[in-house]
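The file input.cif contains mmCIF, C-alpha atoms:
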data_final
#
loop_
_atom_site.label_atom_id
_atom_site.label_comp_id
_atom_site.auth_asym_id
_atom_site.auth_seq_id
_atom_site.Cartn_x
_atom_site.Cartn_y
_atom_site.Cartn_z
CA MET S 273 -105.91 173.41 146.01
CA ALA S 274 -103.44 173.39 148.89
CA ARG S 275 -106.23 172.28 151.22
CA TRP S 276 -107.09 169.34 148.96
CA ALA S 277 -103.41 168.43 148.63
CA ARG S 278 -103.10 168.29 152.41
CA ALA S 279 -106.25 166.15 152.61
CA ARG S 280 -104.90 163.72 150.03
CA ARG S 281 -101.59 163.39 151.87
CA GLY S 282 -103.49 162.62 155.07
CA ILE S 283 -105.56 159.91 153.41
CA LEU S 284 -102.58 158.34 151.70
CA GLY S 285 -100.67 158.41 154.97
CA THR S 286 -103.43 156.30 156.50
CA ALA S 287 -103.81 154.06 153.49
CA VAL S 288 -100.21 153.33 152.56
CA VAL S 289 -97.68 154.58 155.10
CA GLY S 290 -99.64 153.03 157.96
CA VAL S 291 -99.70 149.58 156.43
CA LEU S 292 -96.08 149.80 155.33
CA ALA S 293 -95.10 150.36 158.95
CA ALA S 294 -96.32 146.84 159.68
CA ALA S 295 -94.98 145.27 156.50
CA LEU S 296 -91.60 143.94 157.65
CA PRO S 297 -92.95 140.59 158.90
CA VAL S 298 -94.75 140.13 155.59
CA ALA S 299 -91.63 140.92 153.58
CA ALA S 300 -89.73 138.35 155.60
CA GLY S 301 -92.50 135.79 155.12
CA LEU S 302 -92.56 136.52 151.40
CA SER S 303 -88.84 135.87 151.15
CA ALA S 304 -89.07 132.66 153.15
CA ALA S 305 -91.93 131.40 151.02
CA SER S 306 -89.76 131.67 147.93
CA ALA S 307 -87.97 128.53 149.04
CA VAL S 308 -91.20 126.52 149.20
CA GLY S 309 -91.64 124.35 146.11
CA VAL S 310 -95.24 124.95 145.13
CA ASN S 311 -94.93 125.30 141.34
CA ASN S 312 -95.57 122.04 139.49
CA THR S 313 -95.16 123.64 136.05
CA SER S 314 -93.77 126.83 134.53
CA THR S 315 -97.36 128.16 134.38
CA ASN S 316 -98.66 130.00 137.45
CA ALA S 317 -101.94 128.20 138.05
CA VAL S 318 -103.32 130.99 140.23
CA ILE S 319 -102.97 133.51 137.41
CA VAL S 320 -104.56 131.12 134.91
CA TRP S 321 -107.55 130.49 137.13
CA ASP S 322 -107.89 134.16 138.01
CA ARG S 323 -108.37 134.79 134.28
CA ASN S 324 -110.83 131.91 134.15
CA ALA S 325 -112.68 133.43 137.10
CA GLN S 326 -112.81 136.78 135.32
CA THR S 327 -114.36 135.09 132.29
CA ALA S 328 -117.11 133.55 134.42
CA ILE S 329 -117.69 136.55 136.71
CA TRP S 330 -117.55 139.38 134.19
CA ASP S 331 -117.29 138.23 130.58
CA VAL S 332 -120.21 135.81 130.88
CA ALA S 333 -122.18 136.76 134.01
CA GLY S 334 -121.58 140.51 133.75
CA GLN S 335 -121.52 141.02 137.51
CA GLN S 336 -121.09 144.61 138.67
CA PRO S 337 -118.07 145.52 140.87
CA GLN S 338 -119.85 145.27 144.21
CA VAL S 339 -121.06 141.78 143.22
CA GLN S 340 -117.80 140.74 141.54
CA ALA S 341 -115.99 141.40 144.82
CA ARG S 342 -117.75 138.56 146.61
CA SER S 343 -117.20 136.12 143.74
CA PHE S 344 -113.48 136.79 143.37
CA ALA S 345 -113.03 136.61 147.16
CA MET S 346 -114.68 133.20 147.30
CA VAL S 347 -112.50 131.84 144.49
CA HIS S 348 -109.22 133.11 145.84
CA GLY S 349 -109.95 132.32 149.48
CA ALA S 350 -110.42 128.66 148.50
CA VAL S 351 -107.40 128.67 146.18
CA TYR S 352 -105.19 130.19 148.88
CA ASP S 353 -106.21 127.63 151.50
CA ALA S 354 -105.39 124.79 149.08
CA VAL S 355 -101.98 126.12 148.06
CA ASN S 356 -101.05 127.11 151.60
CA ALA S 357 -101.92 123.63 152.90
CA ILE S 358 -99.78 121.85 150.28
CA ALA S 359 -96.89 124.24 151.02
CA GLY S 360 -96.92 123.12 154.66
CA ARG S 361 -99.08 125.94 156.09
CA PRO S 362 -96.41 128.67 156.23
CA TYR S 363 -99.23 131.22 156.64
CA GLN S 364 -102.44 131.32 158.64
CA PRO S 365 -105.19 129.49 156.74
CA TYR S 366 -108.28 131.49 155.92
CA LEU S 367 -110.86 128.78 156.65
CA LEU S 368 -108.96 125.50 156.93
CA ALA S 369 -105.77 123.65 156.05
CA PRO S 370 -106.45 120.09 154.90
CA ARG S 371 -103.92 117.47 156.00
CA THR S 372 -101.27 117.16 153.28
CA SER S 373 -97.90 115.50 152.66
CA GLY S 374 -96.53 118.26 150.44
CA ARG S 375 -96.43 115.91 147.45
CA GLU S 376 -99.87 116.90 146.16
CA SER S 377 -100.20 118.62 142.77
CA THR S 378 -100.67 122.32 143.42
CA ASP S 379 -101.96 122.82 139.89
CA ALA S 380 -104.67 120.19 140.44
CA ALA S 381 -105.60 121.79 143.77
CA VAL S 382 -105.81 125.30 142.33
CA GLY S 383 -107.87 124.25 139.33
CA THR S 384 -110.22 122.15 141.43
CA ALA S 385 -110.76 124.77 144.13
CA ALA S 386 -111.48 127.50 141.57
CA PHE S 387 -113.68 125.27 139.40
CA GLN S 388 -115.81 124.06 142.30
CA VAL S 389 -116.40 127.58 143.66
CA LEU S 390 -117.19 128.98 140.21
CA SER S 391 -119.57 126.09 139.54
CA SER S 392 -121.43 126.84 142.76
CA LEU S 393 -121.64 130.53 141.87
CA PHE S 394 -122.67 130.06 138.25
CA PRO S 395 -124.58 126.80 137.76
CA ALA S 396 -125.78 127.99 134.36
CA GLN S 397 -122.15 128.03 133.20
CA GLN S 398 -121.52 124.46 134.35
CA PRO S 399 -120.93 122.91 130.87
CA ARG S 400 -118.44 125.62 129.88
CA LEU S 401 -116.68 125.51 133.25
CA ARG S 402 -116.49 121.70 133.18
CA ALA S 403 -114.91 121.73 129.72
CA GLN S 404 -112.39 124.34 130.89
CA TYR S 405 -111.56 122.32 134.00
CA ASP S 406 -111.29 119.01 132.15
CA GLU S 407 -108.86 120.58 129.68
CA TRP S 408 -106.75 121.92 132.54
CA MET S 409 -106.66 118.60 134.35
CA ALA S 410 -105.91 116.64 131.17
CA ASN S 411 -102.61 118.50 130.88
CA LEU S 412 -101.47 117.27 134.31
CA PRO S 413 -99.77 113.91 134.83
CA ASP S 414 -102.31 111.27 135.81
CA ASN S 415 -100.76 110.14 139.07
CA ALA S 416 -101.23 110.10 142.83
CA ALA S 417 -100.14 113.74 143.16
CA LYS S 418 -102.91 114.81 140.82
CA ARG S 419 -105.52 112.80 142.70
CA SER S 420 -104.45 114.03 146.12
CA GLY S 421 -104.20 117.64 144.88
CA THR S 422 -107.73 117.34 143.54
CA ALA S 423 -108.91 116.18 146.97
CA VAL S 424 -107.30 119.19 148.64
CA GLY S 425 -108.99 121.59 146.21
CA ASP S 426 -112.32 119.86 146.76
CA GLN S 427 -111.99 120.33 150.52
CA THR S 428 -111.10 124.02 150.47
CA ALA S 429 -113.81 124.80 147.91
CA ALA S 430 -116.40 122.96 149.99
CA ALA S 431 -115.36 124.91 153.07
CA MET S 432 -115.72 128.23 151.23
CA ILE S 433 -119.08 127.34 149.69
CA SER S 434 -120.38 126.28 153.11
CA ALA S 435 -119.04 129.42 154.81
CA ARG S 436 -120.81 131.71 152.35
CA ARG S 437 -124.14 129.91 152.38
CA ASN S 438 -126.89 132.31 153.51
CA ASP S 439 -124.40 135.19 153.75
CA GLY S 440 -126.97 137.75 152.59
CA ALA S 441 -125.97 137.80 148.93
CA PHE S 442 -128.72 138.72 146.48
CA GLY S 443 -131.15 139.64 149.25
CA ASN S 444 -134.31 141.62 148.64
CA GLN S 445 -133.29 144.85 150.40
CA THR S 446 -133.95 148.09 148.55
CA TRP S 447 -132.56 151.60 148.84
CA PRO S 448 -135.12 153.90 150.49
CA VAL S 449 -136.24 156.64 148.11
CA GLY S 450 -136.36 160.04 149.77
CA THR S 451 -138.19 163.22 148.96
CA GLN S 452 -136.46 165.63 151.33
CA PRO S 453 -133.30 167.65 150.52
CA GLY S 454 -130.19 165.53 150.85
CA GLN S 455 -132.01 162.19 150.56
CA TRP S 456 -131.16 159.74 147.78
CA ARG S 457 -133.46 159.08 144.90
CA PRO S 458 -132.92 157.26 141.55
CA THR S 459 -130.91 159.23 139.02
CA PRO S 460 -131.05 159.78 135.25
CA PRO S 461 -130.87 158.29 132.72
CA THR S 462 -131.69 154.84 134.13
CA PHE S 463 -133.47 155.82 137.38
CA ALA S 464 -132.38 152.45 138.74
CA SER S 465 -131.93 151.11 142.27
CA ASP S 466 -129.68 148.12 142.71
CA THR S 467 -127.58 145.92 145.04
CA ALA S 468 -128.79 147.31 148.36
CA TRP S 469 -128.11 143.82 149.78
CA VAL S 470 -124.36 144.47 149.67
CA ALA S 471 -124.76 146.71 152.74
CA ASN S 472 -125.77 143.67 154.80
CA LEU S 473 -123.49 141.06 153.28
CA LYS S 474 -121.66 138.93 155.82
CA PRO S 475 -118.02 140.14 155.80
CA PHE S 476 -115.13 137.81 154.98
CA LEU S 477 -112.65 139.31 157.45
CA ILE S 478 -113.95 142.19 159.55
CA PRO S 479 -116.29 141.43 162.48
CA SER S 480 -119.01 143.84 161.36
CA ALA S 481 -119.86 145.78 158.22
CA SER S 482 -120.60 148.84 160.38
CA MET S 483 -117.44 148.79 162.50
CA PHE S 484 -115.93 151.77 160.68
CA ARG S 485 -119.04 153.94 160.73
CA SER S 486 -118.25 157.54 159.78
CA ALA S 487 -119.80 160.76 161.04
CA GLY S 488 -121.70 161.02 157.78
CA PRO S 489 -121.71 163.49 154.91
CA PRO S 490 -121.33 167.24 155.49
CA ALA S 491 -124.49 169.08 156.55
CA LEU S 492 -126.35 170.60 153.61
CA THR S 493 -125.93 174.10 154.99
CA SER S 494 -122.17 173.75 155.65
CA ALA S 495 -119.34 175.41 153.77
CA GLN S 496 -117.85 171.96 153.13
CA TYR S 497 -121.01 170.79 151.40
CA ALA S 498 -121.04 173.89 149.19
CA ARG S 499 -117.40 173.35 148.23
CA ASP S 500 -118.12 169.72 147.35
CA ILE S 501 -121.13 170.51 145.19
CA ASN S 502 -119.60 173.50 143.43
CA GLU S 503 -116.45 171.53 142.63
CA VAL S 504 -118.24 168.57 141.07
CA LYS S 505 -120.69 170.93 139.33
CA ALA S 506 -117.81 172.65 137.53
CA ILE S 507 -115.43 169.82 136.74
CA GLY S 508 -117.77 166.83 136.65
CA ALA S 509 -120.33 168.14 134.18
CA VAL S 510 -120.78 166.33 130.88
CA ASN S 511 -119.94 169.61 129.14
CA SER S 512 -117.32 170.86 131.63
CA THR S 513 -114.94 173.49 130.29
CA THR S 514 -112.49 173.07 133.18
CA ARG S 515 -111.88 169.30 132.97
CA THR S 516 -108.81 168.34 130.92
CA LEU S 517 -108.62 165.53 128.38
CA ASP S 518 -106.46 163.50 130.77
CA GLN S 519 -108.97 164.00 133.57
CA THR S 520 -111.78 162.89 131.27
CA GLN S 521 -109.84 159.79 130.27
CA ALA S 522 -109.03 159.03 133.90
CA ALA S 523 -112.68 159.34 134.92
CA ILE S 524 -113.73 156.90 132.18
CA TRP S 525 -110.80 154.54 132.88
CA TRP S 526 -111.71 154.24 136.56
CA HIS S 527 -115.41 153.80 135.72
CA ASP S 528 -114.82 150.82 133.42
CA ARG S 529 -116.68 147.84 134.86
CA HIS S 530 -113.91 145.65 133.41
CA LEU S 531 -111.72 146.62 136.34
CA GLY S 532 -108.08 147.55 135.82
CA GLU S 533 -107.34 146.04 139.24
CA TRP S 534 -107.63 142.54 137.78
CA GLU S 535 -104.83 143.08 135.29
CA ILE S 536 -102.75 145.00 137.85
CA LYS S 537 -102.70 142.00 140.22
CA ARG S 538 -101.68 139.60 137.47
CA GLN S 539 -99.09 142.03 136.13
CA LEU S 540 -97.51 142.44 139.57
CA ALA S 541 -97.45 138.68 140.18
CA THR S 542 -95.59 138.25 136.89
CA SER S 543 -93.27 141.26 137.06
CA ARG S 544 -92.30 140.52 140.68
CA HIS S 545 -91.73 136.82 139.83
CA LEU S 546 -94.09 135.50 142.50
CA ASN S 547 -94.39 131.75 142.84
CA THR S 548 -97.73 130.01 143.16
CA LEU S 549 -97.93 130.31 146.94
CA GLN S 550 -97.02 133.99 146.91
CA THR S 551 -99.53 134.67 144.16
CA ALA S 552 -102.29 132.75 145.94
CA ARG S 553 -101.65 134.65 149.15
CA MET S 554 -101.47 138.04 147.44
CA PHE S 555 -104.66 137.48 145.45
CA ALA S 556 -106.55 136.25 148.52
CA MET S 557 -105.39 139.16 150.67
CA VAL S 558 -106.38 141.70 148.02
CA ASP S 559 -109.70 140.15 147.01
CA LEU S 560 -111.06 139.42 150.47
CA THR S 561 -110.05 142.87 151.71
CA GLU S 562 -111.64 144.50 148.66
CA ALA S 563 -114.86 142.59 149.29
CA ASP S 564 -115.09 143.71 152.91
CA ALA S 565 -114.22 147.31 152.07
CA THR S 566 -117.03 147.29 149.51
CA THR S 567 -119.48 145.90 152.06
CA ALA S 568 -118.40 148.46 154.65
CA CYS S 569 -118.91 151.33 152.22
CA PHE S 570 -122.30 150.06 151.09
CA ASN S 571 -123.23 149.83 154.77
CA GLU S 572 -122.36 153.52 154.94
CA LYS S 573 -124.56 154.19 151.92
CA ALA S 574 -127.46 152.49 153.71
CA ALA S 575 -126.82 154.45 156.90
CA TRP S 576 -126.75 157.89 155.26
CA THR S 577 -128.71 157.47 151.97
CA SER S 578 -127.33 160.74 150.63
CA TRP S 579 -128.29 162.12 147.25
CA ARG S 580 -125.95 161.97 144.29
CA PRO S 581 -124.36 165.09 142.75
CA VAL S 582 -126.78 165.11 139.81
CA THR S 583 -129.74 165.35 142.21
CA ALA S 584 -127.99 167.80 144.53
CA ILE S 585 -127.10 170.17 141.68
CA GLN S 586 -130.45 170.01 139.93
CA LEU S 587 -132.25 170.64 143.23
CA ALA S 588 -129.73 172.98 144.85
CA ASP S 589 -132.43 175.59 145.38
CA THR S 590 -133.92 173.29 148.04
CA ASP S 591 -130.77 172.61 150.11
CA GLY S 592 -130.90 175.76 152.24
CA ASN S 593 -127.30 176.64 151.36
CA PRO S 594 -126.87 180.14 149.89
CA ALA S 595 -123.52 179.14 148.37
CA THR S 596 -125.09 176.63 145.94
CA THR S 597 -127.17 177.39 142.85
CA ALA S 598 -129.54 175.02 141.10
CA ASP S 599 -129.04 173.93 137.51
CA PRO S 600 -132.01 171.73 136.54
CA ASN S 601 -130.32 170.71 133.29
CA TRP S 602 -126.97 169.64 134.78
CA LEU S 603 -125.74 166.13 133.94
CA PRO S 604 -122.51 164.33 134.86
CA LEU S 605 -119.85 163.03 132.49
CA LEU S 606 -120.53 159.43 133.59
CA VAL S 607 -123.75 157.53 134.19
CA THR S 608 -124.42 157.68 137.92
CA PRO S 609 -124.45 154.24 139.61
CA PRO S 610 -127.81 153.17 141.11
CA HIS S 611 -127.10 153.72 144.80
CA PRO S 612 -126.38 156.60 147.23
CA ASP S 613 -123.35 158.90 147.17
CA PHE S 614 -121.78 158.61 150.61
CA THR S 615 -119.44 156.75 150.72
CA SER S 616 -117.76 155.96 147.41
CA GLY S 617 -117.59 152.22 146.89
CA HIS S 618 -114.85 152.59 144.29
CA THR S 619 -112.49 154.55 146.54
CA CYS S 620 -113.17 152.02 149.32
CA PHE S 621 -112.39 149.15 146.95
CA THR S 622 -109.31 150.68 145.31
CA THR S 623 -107.78 151.93 148.55
CA ALA S 624 -108.25 148.46 150.03
CA SER S 625 -106.56 146.81 147.05
CA MET S 626 -103.70 149.28 146.71
CA SER S 627 -102.91 149.52 150.41
CA THR S 628 -102.99 145.72 150.68
CA LEU S 629 -100.53 145.49 147.78
CA ALA S 630 -98.29 148.04 149.49
CA PHE S 631 -98.42 145.93 152.64
CA PHE S 632 -97.74 142.69 150.79
CA PHE S 633 -94.70 144.01 148.93
CA GLY S 634 -93.48 146.17 151.81
CA ARG S 635 -93.14 149.26 149.61
CA ASP S 636 -95.16 151.79 147.66
CA ASP S 637 -92.95 152.55 144.65
CA ILE S 638 -93.67 149.59 142.35
CA PRO S 639 -94.83 150.75 138.88
CA PHE S 640 -97.78 149.17 137.09
CA SER S 641 -100.33 149.95 134.39
CA ALA S 642 -103.58 148.71 132.89
CA TYR S 643 -105.64 149.27 129.77
CA SER S 644 -109.33 150.23 129.56
CA ALA S 645 -111.35 149.55 126.43
CA ASP S 646 -113.92 152.13 127.59
CA SER S 647 -111.39 154.98 127.61
CA GLY S 648 -109.16 153.47 124.94
CA THR S 649 -106.16 154.34 127.10
CA THR S 650 -103.56 152.71 129.32
CA ARG S 651 -102.89 154.47 132.59
CA HIS S 652 -99.49 154.17 134.25
CA PHE S 653 -98.81 154.53 137.95
CA ARG S 654 -95.54 155.01 139.83
CA GLY S 655 -96.91 153.26 142.87
CA PHE S 656 -99.93 152.32 144.92
CA SER S 657 -100.51 155.69 146.60
CA GLN S 658 -100.67 157.41 143.20
CA ALA S 659 -103.52 155.11 142.17
CA ILE S 660 -105.41 155.91 145.38
CA ALA S 661 -104.94 159.63 144.82
CA GLU S 662 -106.18 159.40 141.25
CA VAL S 663 -109.33 157.39 141.95
CA ILE S 664 -110.36 159.96 144.57
CA GLU S 665 -110.09 162.67 141.92
CA ALA S 666 -111.55 160.58 139.09
CA ARG S 667 -114.92 160.04 140.75
CA VAL S 668 -115.28 163.84 141.11
CA TRP S 669 -114.07 164.41 137.53
CA GLY S 670 -116.75 161.97 136.37
CA GLY S 671 -119.46 163.92 138.19
CA ILE S 672 -120.78 160.95 140.14
CA HIS S 673 -119.36 161.50 143.65
CA THR S 674 -118.62 164.38 145.96
CA ARG S 675 -115.09 164.71 147.27
CA SER S 676 -116.26 164.03 150.82
CA ALA S 677 -117.74 160.69 149.72
CA ASP S 678 -114.47 159.79 147.98
CA VAL S 679 -112.25 160.82 150.89
CA GLU S 680 -114.29 158.97 153.49
CA GLY S 681 -114.43 155.92 151.24
CA ALA S 682 -110.64 155.86 151.02
CA LYS S 683 -110.38 156.11 154.79
CA ILE S 684 -112.69 153.13 155.24
CA GLY S 685 -110.77 151.11 152.67
CA ALA S 686 -107.56 151.82 154.58
CA LYS S 687 -109.13 150.84 157.90
CA VAL S 688 -110.36 147.53 156.47
CA THR S 689 -106.85 146.83 155.16
CA ALA S 690 -105.31 147.63 158.54
CA TYR S 691 -107.67 145.21 160.28
CA ALA S 692 -107.21 142.48 157.69
CA THR S 693 -103.42 142.62 157.65
CA ARG S 694 -103.23 142.52 161.43
CA ASN S 695 -105.47 139.48 161.72
CA TYR S 696 -105.25 137.31 158.59
CA PHE S 697 -102.81 135.64 156.19
CA ARG S 698 -99.84 136.21 158.50
CA PRO S 699 -96.70 134.04 158.68
CA ARG S 700 -97.11 131.26 161.24
CA SER S 701 -93.52 131.14 162.40
#
Show this structure as structure tokens.
Amino acid sequence: MARWARARRGILGTAVVGVLAAALPVAAGLSAASAVGVNNTSTNAVIVWDRNAQTAIWDVAGQQPQVQARSFAMVHGAVYDAVNAIAGRPYQPYLLAPRTSGRESTDAAVGTAAFQVLSSLFPAQQPRLRAQYDEWMANLPDNAAKRSGTAVGDQTAAAMISARRNDGAFGNQTWPVGTQPGQWRPTPPTFASDTAWVANLKPFLIPSASMFRSAGPPALTSAQYARDINEVKAIGAVNSTTRTLDQTQAAIWWHDRHLGEWEIKRQLATSRHLNTLQTARMFAMVDLTEADATTACFNEKAAWTSWRPVTAIQLADTDGNPATTADPNWLPLLVTPPHPDFTSGHTCFTTASMSTLAFFFGRDDIPFSAYSADSGTTRHFRGFSQAIAEVIEARVWGGIHTRSADVEGAKIGAKVTAYATRNYFRPRS
């Protein structure tokens, strides 16, 4: 246990302490932005349209997390560019900053940018989205500010839609199915293979999806591999006698496809009293970094195509490691996702989001919580590093990832955050 505690501290040092070391300019920019008048009403338009985006992306379309990431990033990249332009460009634009006078309606710009991107992503939802947008706009004063704000939102949405055209989304790539020990193959009960295209998706921020390539999973005959497999075999089994109730609830909570991260962002924007510009910037930073971390980790999956724990445990008599023992009837607590083990997309994604939040706020110790209908529980966190630590554990507790896959995923998420925060969304003065 001491060894794993040391490993976790090392990961969290990379993921949170490292980004906090560079956070002072952001904290100063955050404070300065408070003086910028970008709220037209008492309602934070960015939060409203984030909920609207969630409805389209998950409630209606049912996109899985690795697909959701691209959709949310497109919405909030366009929203951020619109709000930032109207505020006088205090931060680096993501794609462009339309010419503005500062008198444009931010609410009109936010609604328009989000609506146009969502309409491009989900043409089948066009009637519902149009009704939602028309209702939003009808509540705004019909004046020049509304019309000019609408024009700004149209421009930033068009730029985002153009930038993501032919970006590799929904390509026809497939995961190679192996037959040799260590190679991935579809897993029970669905025996599915899905979203291999994410590995080759054009990144939003980082120059290349493979720029943080790891050394790969532990060798099958190594002591590390045996430790990984024996740990998940014991605690991740559907009928585990060593997993606690809280660990079971945590595993299910983190596996909920209705991601807790959505509510966490909105909760923090509200509890920290962020204005529209601050919220737009925070959401864009988090969502675009999450998207690239997901792509980077799926690129790792494609590079290593390593088998999942359920396959490794059932076929342990073929791995050449005397410290592992096969159990052909072993099954995990959770349904194994339809892609390879190494690296964990969820630890990539969550480390990217939590370390970006730590960077944005300039501190780690901000409490937050979120509810999961799947687990029927609300989980509470003292700060961002605690959430990173728990997701690393939770994927093992659920029986769907090895610890090495989780740890390396967290490292990649932290590296993507470090690159993104050095190069994007920074104060201009």
Discussion item. Within 10 Å of (-114.0, 157.4, 151.3) (file coordinates; only C-alpha atoms), which protein or nucleic acid residues are there? I'd like them as an MDAnalysis selection string.
Written reply: chainID S and resid 283 486 569 572 614:621 623 664 674:686
Worksheet item: Using the chain letters and numbers from the file, which residues does the PyMOL selection byres ((chain S and resi 593) around 9) grab, as a PyMOL selection string?
Response: chain S and resi 492-495+497-498+588-592+594-597
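Using all atoms listed in the file, the smallest distance between any of S:Ala429, S:Ile358, S:Ile524, S:Ala441 and Pro475 of chain S comes from S:Ala441.
Using all atoms listed in the file, the nearest neighbour of Asn547 of chain S within the list S:Ala359, S:Arg651, S:Ala333, S:Trp525 is S:Ala359.
Between atom CA of Leu587 of chain S and atom CA of Thr514 of chain S the interatomic distance comes to 22.3 Å.
Take the PyMOL selection byres ((chain S and resi 600) around 8) and apply it to this file: it picks S:Ile585, S:Gln586, S:Leu587, S:Ala598, S:Asp599, S:Asn601, S:Trp602.
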Output C-alpha atoms for every residue in that selection, as a PDB file, in the coordinates of the input.
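Resulting contents of selection05.pdb:
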ATOM      1  CA  ILE S 585    -127.100 170.170 141.680  1.00  0.00           C
ATOM      2  CA  GLN S 586    -130.450 170.010 139.930  1.00  0.00           C
ATOM      3  CA  LEU S 587    -132.250 170.640 143.230  1.00  0.00           C
ATOM      4  CA  ALA S 598    -129.540 175.020 141.100  1.00  0.00           C
ATOM      5  CA  ASP S 599    -129.040 173.930 137.510  1.00  0.00           C
ATOM      6  CA  ASN S 601    -130.320 170.710 133.290  1.00  0.00           C
ATOM      7  CA  TRP S 602    -126.970 169.640 134.780  1.00  0.00           C
TER       8      TRP S 602
END
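With the shown file loaded, the PyMOL selection byres ((chain S and resi 690-698) around 8) picks out Gly290, Val291, Val298, Tyr363, Gln364, Pro365, Tyr366, Leu477, Ile478, Arg553, Met557, Thr561, Thr628, Phe631, Ala686, Lys687, Val688, Thr689, Pro699 and Arg700 of chain S.
Closest approach to Pro489 of chain S from the set S:Gln455, S:Asp331, S:His545, S:Asp414 is made by S:Gln455, with distances taken over only C-alpha atoms.
Going from atom CA of Ala552 of chain S to atom CA of Val339 of chain S covers 21.0 Å.
Distances to Gly360 of chain S were evaluated for S:Gln388, S:Thr372, S:Asn571, S:Thr315 using only C-alpha atoms, and the minimum falls at S:Thr372.
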Restrict the output to segment 346-351 of chain S and all heavy atoms, then write it as a PDB file, in the first residue's frame.
ATOM      1  N   MET S 346     -16.362  21.842 -28.859  1.00  0.00           N
ATOM      2  CA  MET S 346     -16.781  22.713 -29.961  1.00  0.00           C
ATOM      3  C   MET S 346     -17.723  23.811 -29.468  1.00  0.00           C
ATOM      4  O   MET S 346     -17.571  24.986 -29.830  1.00  0.00           O
ATOM      5  CB  MET S 346     -17.446  21.883 -31.058  1.00  0.00           C
ATOM      6  CG  MET S 346     -16.481  21.024 -31.852  1.00  0.00           C
ATOM      7  SD  MET S 346     -17.306  20.059 -33.156  1.00  0.00           S
ATOM      8  CE  MET S 346     -17.891  21.369 -34.242  1.00  0.00           C
ATOM      9  N   VAL S 347     -18.695  23.435 -28.646  1.00  0.00           N
ATOM     10  CA  VAL S 347     -19.644  24.424 -28.127  1.00  0.00           C
ATOM     11  C   VAL S 347     -18.915  25.491 -27.327  1.00  0.00           C
ATOM     12  O   VAL S 347     -19.081  26.705 -27.570  1.00  0.00           O
ATOM     13  CB  VAL S 347     -20.726  23.741 -27.272  1.00  0.00           C
ATOM     14  CG1 VAL S 347     -21.556  24.786 -26.529  1.00  0.00           C
ATOM     15  CG2 VAL S 347     -21.626  22.865 -28.130  1.00  0.00           C
ATOM     16  N   HIS S 348     -18.099  25.077 -26.381  1.00  0.00           N
ATOM     17  CA  HIS S 348     -17.525  26.063 -25.470  1.00  0.00           C
ATOM     18  C   HIS S 348     -16.328  26.810 -26.064  1.00  0.00           C
ATOM     19  O   HIS S 348     -16.029  27.928 -25.624  1.00  0.00           O
ATOM     20  CB  HIS S 348     -17.186  25.401 -24.135  1.00  0.00           C
ATOM     21  CG  HIS S 348     -18.410  25.175 -23.305  1.00  0.00           C
ATOM     22  ND1 HIS S 348     -19.170  26.225 -22.840  1.00  0.00           N
ATOM     23  CD2 HIS S 348     -19.025  24.042 -22.894  1.00  0.00           C
ATOM     24  CE1 HIS S 348     -20.196  25.752 -22.166  1.00  0.00           C
ATOM     25  NE2 HIS S 348     -20.138  24.430 -22.185  1.00  0.00           N
ATOM     26  N   GLY S 349     -15.675  26.240 -27.061  1.00  0.00           N
ATOM     27  CA  GLY S 349     -14.663  27.020 -27.767  1.00  0.00           C
ATOM     28  C   GLY S 349     -15.296  28.201 -28.497  1.00  0.00           C
ATOM     29  O   GLY S 349     -14.781  29.330 -28.459  1.00  0.00           O
ATOM     30  N   ALA S 350     -16.439  27.957 -29.145  1.00  0.00           N
ATOM     31  CA  ALA S 350     -17.139  29.036 -29.858  1.00  0.00           C
ATOM     32  C   ALA S 350     -17.736  30.051 -28.896  1.00  0.00           C
ATOM     33  O   ALA S 350     -17.678  31.270 -29.136  1.00  0.00           O
ATOM     34  CB  ALA S 350     -18.232  28.439 -30.742  1.00  0.00           C
ATOM     35  N   VAL S 351     -18.307  29.575 -27.803  1.00  0.00           N
ATOM     36  CA  VAL S 351     -18.889  30.480 -26.798  1.00  0.00           C
ATOM     37  C   VAL S 351     -17.797  31.369 -26.192  1.00  0.00           C
ATOM     38  O   VAL S 351     -17.971  32.594 -26.063  1.00  0.00           O
ATOM     39  CB  VAL S 351     -19.608  29.680 -25.702  1.00  0.00           C
ATOM     40  CG1 VAL S 351     -19.909  30.556 -24.492  1.00  0.00           C
ATOM     41  CG2 VAL S 351     -20.904  29.072 -26.249  1.00  0.00           C
TER      42      VAL S 351
END
